[in-house]
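Visitor: Here you go, one structure.
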Amino acid sequence: MDNDLRTSWDRLCDALKESVGYIFDPELGAEASEQAEGLRHHLRMLYYTADRALENGDPDRPELGWAYPFKVGLDNPDGLYQSVPMDLNHSYRLTGRIDTLRYLGLALMDYRSGRGSLLQVLDLGTPNLTDIGDGRIDVVFSPDPDPGDHIGDWFEVEPGAYRLLVRQFFSDWATENHAELHMECLTPTELPTRLDPETVVERINQIAKEMSKAPKFWADYAVGHRDRGEINSFDHVEGRHSAVSDGGSAQQSYGGCWYEVGPDEALLLEVIPPDCLYWNIQTGDTWFQSLDYVNLPSTINDSQARIDPDGVLRVVVSHQDPGIQNWLALGGCPRGLLAYRWNNSDTTPVPALSLMPVSEIAGRLHPDTPQISTDERAALNAERRRHALRRFTR
């Protein structure tokens with residue numbers, strides 16, 4: 001077994017060395033600064049994958065673990081993502097308070113990233129979860145039918161190995177707090193012991209396999225927009241809902257495109273937002289990870305944006321600060337992803353995008369658009385940072 005342990009470790013090291021080739025592929029066309037971010041993303045994926053395999057991989061003693069930063073699959077900057085392994089030959093109970101949270105989503109899925117598709121067995125969320133009082137939920141996932149006396153929600157699920165992905169979305173960063181959730185297996189097996197060599201070999205091999213596929217999977221997903229010519233335009237979206245097989249939630253409508261914006265250029269986004277529970281617009285990079293939203297306004301949501309008197313949301317996407325509230329900062333990232341989410345919406349409007357010199361932006365804004373000074377921007381950024389870090393207490 002000593003040889004097996006060493007062999008699995010060597011296999012992981014080889015996988016890490018070989019799997020970064022896509023970052024430096026000339027056909028990808030990533031510049032040196034983007035390659036540096038690619039390596040950081042690769043290491044983030046290693047951290048996230050190792051955490052799931054070695055620290056949060058016991059379905060008998062589930063922990064609602066979360067990774068910071070969770071920079072995977074164009075993560076929502078308004079979100080806190082958690083996941084937990086589940087063996088649904090047993091029953092599990094999720095309880096907690098969600099009363100100050102804008103949205104809680106629960107997706108039960110076969111969550112092996114990079115295998116080509118994600119099988120979602122259940123896709124649930126507020127406002128459809130039962131409030132059992134004081135903003136509390138009591139949800140059971142079980143291979144057995146509902147006995148009829150459970151107060152809350154009961155979901156009968158076909159036995160198998162899954163992961164539960166929990167999405168917590170915050171609109172007002174200053175006032176909304178994360179949910180207080182607890183997950184337990186109702187029929188656990190014997191008490192845990194130290195990891196045995198066979199388990200370690202299995203899980204290290206799992207990490208190596210995922211690192212060989214998952215990081216490149218997300219980069220391919222991102223640059224697919226570019227390769228299909230979906231550049232600086234959402235015309236291809238046509239208001240369609242996200243594909244649940246891609247891991248998206250059916251409670252949300254997504255739209256994304258590849259952006260290319262020079263240092264003296266800007267994209268003007270215009271849309272009448274739908275009547276919905278929550279919405280946001282965000283930026284991302286080649287590796288399908290969000291841009292820095294702690295220190296920069298690289299995302300905007302329904303609590304942060306200003307809607308013009310004519311009902312239109314106008315947002316400037318640029319490297320230079322246009323001096324208005326609705327700014328998505330690119331932070332020196334000249335190309336990447338621009339995306340939006342409409343959550344629990346009956347309509348799916350598609351924003352219009354217009355690329356122009358920064359000097360022309362002022363003439364395209366609503367005449368009542370207020371200006372923001374340098375000092376006001378600094379104060380907004382400082383407030384943003386404080387509230388983001390409050391949510392992600394390490």
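By convention in this document, the chains of the structure tokens carry letters A, B, ... by their order, each chain's residues are numbered from 1, and ligands are numbered from 1 in the order they are shown.
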From a DSSP calculation on the backbone, collect every residue of range 3-179 of chain A in strand (DSSP E) and output the set as a count of residues only.
Guide: 50
Visitor: Which residues are close to Gly38 in chain A, i.e. within 10 Å by only C-alpha atoms, leaving aside same-chain residues fewer than 2 positions away? Reply as an MDAnalysis selection string.
Guide: chainID A and resid 20 22:24 30 32:36 40:44 215:216 219 285:289
Visitor: Just want the 9 Å neighbourhood of range 162-176 of chain A, counted on only C-alpha atoms, with same-chain residues fewer than 5 positions away dropped. Output as JSON, numbers by chain.
Guide: {"A": [59, 64, 76, 77, 78, 79, 80, 81, 82, 83, 84, 85, 86, 87, 88, 99, 100, 101, 102, 103, 104, 105, 106, 107, 108, 109, 110, 111, 112, 121, 125, 278, 279, 280, 301, 302, 303, 304, 383, 384, 386, 387, 388, 390, 391]}
Visitor: For Arg61 in chain A, which residue among A:Arg97, A:Arg385, A:His182, A:Arg11 is the nearest when counting only C-alpha atoms?
Guide: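 Of A:Arg97, A:Arg385, A:His182, A:Arg11, the one nearest Arg61 in chain A, counting only C-alpha atoms, is A:His182.
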Visitor: Of the candidates A:His225, A:His319, A:His150, A:Arg314, which one gets nearest to Ala339 in chain A if we count only C-alpha atoms?
Guide: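 Checking each of A:His225, A:His319, A:His150, A:Arg314 against Ala339 in chain A, counting only C-alpha atoms, the winner is A:His225.
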Visitor: For a test of reading the model, state the distance in Å between CA of Val237 in chain A and CA of Gly255 in chain A, rounded to one decimal.
Guide: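 CA of Gly255 in chain A lies at a distance of 6.0 Å from CA of Val237 in chain A.
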Visitor: I'd like the interatomic distance between CA of Ser233 in chain A and CA of Asp368 in chain A, to a tenth of an Å.
Guide: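 Going from CA of Ser233 in chain A over to CA of Asp368 in chain A covers 26.2 Å.
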